[in-house]
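To keep things clear, I will list the structure first and then write my remarks on it.
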Amino acid sequence: MSRQEIEKPIEIKIELPTNAYFMSGIRDFTLSMIRNMTDFSEQWAYRFQSVVDEICNNAIEHGSSKDDSIYITFITHPNQDIEIVVEDNGSNPESLPAAEILKKIENNAKLEINEIGIRGRGLAFIVQEWTDKLEITDRENGGIRVRVVKNMNDPKFKEDTESNDPTKIILTN
Amino acid sequence: MADIAYNFSDLLSQDSNKKIVVLTVEGQLDESNVDNFAPKVYTKIEENTDASFIIDLEKVSYMNSKSIGYISDWYSKISAHGNKVVIAKAASNIKDVLNVVGLDKVIPMAQTMEEAKSLA
């Protein structure tokens, strides 16, 4: 079946041990999925690779404990958007509630590059800048749920197809 | 775990005979390896307080936000000694992520090693 024939939303769920060791495989999967299952450009395939990696790293570092799992869900709505949800169980002793994470993101987003420490750029800059919707909520039984959505036909962006340079974005009204 | 290789080499700048350390990195810089790699760079910076640094990213295919955080911190330490940092030959997807966090505002990006040497 070709991609053009897929009209229904496709949902892919992955349960991942809480270990950054596995993230290179998740990045490879994300890149391949965006290239093969959506109409996003190569530029956005790489960007989503970073978005997924950053959200998962946050869940691994601050969400689930090392003997636990995190859960990644990819949902593609053909010709509409791609949605990615990452959930943790909150079993990590350093786990933070959604409100505190949102506050950290808000604070970090206001800082200059050299005012932030080693950490703090992932959710505040990469995820927030490269998605159209970022929601962080507490899960009923502990942990948080991070949901991002990127619209396929975002009118704010038009790819510079002439140069194919992902560092160039043309803003249109 | 993502694979990474790195190398340090010394050279002199074109006009001022100032010492430059070239850090060449290859592979994917991510959560699984960057905390082990970063201390090697801090040691090199402390051993070369008279040198500017060129970070050659030509063969880097992925960088996460923490690895960018380390580069920002290395920049602070190197510039505190009155020296410069230049990023060289980064691929377009790497430049894209460096730009979105704003690193391009503080560290010049060079397309070639010759350009990097002239900026260091």
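In the structure tokens, the first chain shown is A, the next is B, and so on; residue numbers restart at 1 for each chain, and ligands run from 1 in the order shown.
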
Could you give me, as CSV, every chain B residue with an atom at most 10 Å from chain A, plus its closest atom pair and distance in Å to one decimal, counting only C-alpha atoms, rows ordered by chain then number?
```
residue,atom,partner,partner_atom,distance
B:Met1,CA,A:Tyr21,CA,4.3
B:Ala2,CA,A:Ser24,CA,5.9
B:Asp3,CA,A:Ser24,CA,9.4
B:Gln28,CA,A:Ser24,CA,8.3
B:Leu29,CA,A:Ser24,CA,9.9
B:Asp30,CA,A:Ser24,CA,8.2
B:Glu31,CA,A:Ala20,CA,6.0
B:Ser32,CA,A:Ala20,CA,5.2
B:Asn33,CA,A:Tyr21,CA,8.8
B:Tyr62,CA,A:Ser50,CA,8.4
B:Met63,CA,A:Ser50,CA,8.2
B:Asn64,CA,A:Ser50,CA,6.9
B:Ser65,CA,A:Gly122,CA,5.2
B:Lys66,CA,A:Arg119,CA,5.4
B:Ser67,CA,A:Ile118,CA,7.8
B:Ile68,CA,A:Ile118,CA,7.7
B:Gly69,CA,A:Ile118,CA,4.1
B:Tyr70,CA,A:Ile118,CA,5.6
B:Ile71,CA,A:Ile118,CA,8.6
B:Ser72,CA,A:Asn114,CA,6.5
B:Asp73,CA,A:Ile118,CA,7.0
B:Tyr75,CA,A:Asn114,CA,9.0
B:Ser76,CA,A:Asn114,CA,7.6
B:Ala91,CA,A:Pro166,CA,10.0
B:Ser92,CA,A:Pro166,CA,6.2
B:Asn93,CA,A:Tyr46,CA,6.5
B:Ile94,CA,A:Tyr46,CA,9.2
B:Lys95,CA,A:Thr167,CA,6.6
B:Asp96,CA,A:Thr167,CA,4.8
B:Val97,CA,A:Ile126,CA,7.3
B:Leu98,CA,A:Thr167,CA,9.5
B:Asn99,CA,A:Thr167,CA,7.4
B:Val100,CA,A:Ile126,CA,6.4
B:Val101,CA,A:Phe125,CA,5.7
B:Gly102,CA,A:Ile113,CA,6.0
B:Leu103,CA,A:Ile113,CA,6.5
B:Asp104,CA,A:Ile113,CA,9.5
B:Lys105,CA,A:Ile113,CA,8.3
B:Val106,CA,A:Ile113,CA,8.1
```

- Picked from chain B by DSSP as alpha helix (DSSP H), as a PyMOL selection string: chain B and resi 34-47+65-80+92-100+113-119

Got time to write the residues from that selection, C-alpha atoms, as a PDB file, in the first residue's frame?
```
ATOM      1  CA  VAL B  34      28.107  13.522  25.899  1.00  0.00           C
ATOM      2  CA  ASP B  35      28.708  13.465  29.669  1.00  0.00           C
ATOM      3  CA  ASN B  36      31.677  11.124  29.142  1.00  0.00           C
ATOM      4  CA  PHE B  37      33.065  13.153  26.238  1.00  0.00           C
ATOM      5  CA  ALA B  38      32.726  16.663  27.705  1.00  0.00           C
ATOM      6  CA  PRO B  39      35.339  16.320  30.516  1.00  0.00           C
ATOM      7  CA  LYS B  40      38.047  15.599  27.895  1.00  0.00           C
ATOM      8  CA  VAL B  41      37.312  18.997  26.340  1.00  0.00           C
ATOM      9  CA  TYR B  42      37.330  20.802  29.704  1.00  0.00           C
ATOM     10  CA  THR B  43      40.767  19.284  30.405  1.00  0.00           C
ATOM     11  CA  LYS B  44      42.054  20.424  26.989  1.00  0.00           C
ATOM     12  CA  ILE B  45      40.745  23.951  27.608  1.00  0.00           C
ATOM     13  CA  GLU B  46      42.528  24.138  30.975  1.00  0.00           C
ATOM     14  CA  GLU B  47      45.756  22.856  29.384  1.00  0.00           C
ATOM     15  CA  SER B  65      20.481  20.188  23.527  1.00  0.00           C
ATOM     16  CA  LYS B  66      22.856  19.116  26.292  1.00  0.00           C
ATOM     17  CA  SER B  67      25.781  18.854  23.866  1.00  0.00           C
ATOM     18  CA  ILE B  68      24.951  22.389  22.699  1.00  0.00           C
ATOM     19  CA  GLY B  69      24.876  23.417  26.363  1.00  0.00           C
ATOM     20  CA  TYR B  70      28.406  22.057  26.746  1.00  0.00           C
ATOM     21  CA  ILE B  71      29.624  24.006  23.696  1.00  0.00           C
ATOM     22  CA  SER B  72      28.111  27.161  25.188  1.00  0.00           C
ATOM     23  CA  ASP B  73      29.932  26.459  28.468  1.00  0.00           C
ATOM     24  CA  TRP B  74      33.232  25.746  26.675  1.00  0.00           C
ATOM     25  CA  TYR B  75      32.784  29.070  24.854  1.00  0.00           C
ATOM     26  CA  SER B  76      32.377  30.865  28.205  1.00  0.00           C
ATOM     27  CA  LYS B  77      35.556  29.313  29.596  1.00  0.00           C
ATOM     28  CA  ILE B  78      37.656  29.872  26.445  1.00  0.00           C
ATOM     29  CA  SER B  79      36.485  33.475  25.973  1.00  0.00           C
ATOM     30  CA  ALA B  80      37.174  34.166  29.676  1.00  0.00           C
ATOM     31  CA  SER B  92      22.733  21.918   7.554  1.00  0.00           C
ATOM     32  CA  ASN B  93      20.695  19.958  10.124  1.00  0.00           C
ATOM     33  CA  ILE B  94      23.332  20.704  12.776  1.00  0.00           C
ATOM     34  CA  LYS B  95      23.383  24.429  11.900  1.00  0.00           C
ATOM     35  CA  ASP B  96      19.596  24.376  12.128  1.00  0.00           C
ATOM     36  CA  VAL B  97      19.584  23.133  15.718  1.00  0.00           C
ATOM     37  CA  LEU B  98      22.466  25.437  16.717  1.00  0.00           C
ATOM     38  CA  ASN B  99      20.492  28.355  15.327  1.00  0.00           C
ATOM     39  CA  VAL B 100      17.217  27.495  17.061  1.00  0.00           C
ATOM     40  CA  MET B 113      38.548  25.271   7.784  1.00  0.00           C
ATOM     41  CA  GLU B 114      40.328  28.185   6.074  1.00  0.00           C
ATOM     42  CA  GLU B 115      37.457  30.495   7.027  1.00  0.00           C
ATOM     43  CA  ALA B 116      37.499  29.093  10.556  1.00  0.00           C
ATOM     44  CA  LYS B 117      41.229  29.774  10.866  1.00  0.00           C
ATOM     45  CA  SER B 118      40.727  33.363   9.724  1.00  0.00           C
ATOM     46  CA  LEU B 119      38.013  33.862  12.382  1.00  0.00           C
TER      47      LEU B 119
END
```

As a short mmCIF file (atom, residue, chain, number, x, y, z; two decimals) with C-alpha atoms, in the first residue's frame, please: all residues of chain B that backbone DSSP puts in strand (DSSP E or B).
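New file result-v8.cif:
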```
data_model
loop_
_atom_site.label_atom_id
_atom_site.label_comp_id
_atom_site.auth_asym_id
_atom_site.auth_seq_id
_atom_site.Cartn_x
_atom_site.Cartn_y
_atom_site.Cartn_z
CA ILE B 4 31.36 9.07 18.90
CA ALA B 5 35.00 9.70 18.03
CA TYR B 6 37.05 12.83 18.63
CA ASN B 7 40.52 14.20 18.07
CA PHE B 8 42.49 17.27 19.14
CA SER B 9 45.14 18.84 16.91
CA ASP B 10 47.16 22.06 17.19
CA LEU B 11 47.82 24.68 14.54
CA LEU B 12 48.81 28.34 14.28
CA LYS B 19 47.83 28.92 18.87
CA ILE B 20 44.61 27.21 17.80
CA VAL B 21 43.33 23.86 19.03
CA VAL B 22 41.12 22.03 16.56
CA LEU B 23 38.57 19.68 18.10
CA THR B 24 37.25 17.28 15.47
CA VAL B 25 34.17 15.28 16.43
CA GLU B 26 32.58 12.40 14.54
CA GLY B 27 29.26 10.64 15.17
CA GLN B 28 26.19 11.47 17.22
CA LEU B 29 26.42 13.60 20.36
CA SER B 52 41.54 29.66 20.53
CA PHE B 53 39.43 26.62 19.59
CA ILE B 54 37.91 25.49 16.30
CA ILE B 55 35.20 22.85 16.72
CA ASP B 56 34.98 20.85 13.49
CA LEU B 57 31.49 19.34 13.25
CA GLU B 58 31.64 18.16 9.63
CA LYS B 59 31.17 14.50 10.59
CA VAL B 60 28.62 15.05 13.35
CA SER B 61 25.19 13.80 12.30
CA TYR B 62 23.25 14.60 15.48
CA MET B 63 23.55 16.92 18.48
CA VAL B 85 35.79 29.77 19.49
CA VAL B 86 34.69 29.00 15.94
CA ILE B 87 32.39 26.20 14.77
CA ALA B 88 33.46 24.79 11.41
CA MET B 109 30.09 29.48 12.09
CA ALA B 110 32.56 28.85 9.27
#
```

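A straight line drawn from atom CA of Asn58 of chain A to atom CA of Ile75 of chain A is 20.2 Å long.
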
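Counting only C-alpha atoms and comparing A:Val146, A:Ala98, A:Val52, A:Met37, the residue that lies closest to Asn79 of chain A is A:Met37.
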
- Separation of atom CA of Leu102 of chain A and atom CA of Ile14 of chain A, in Å? 24.8 Å
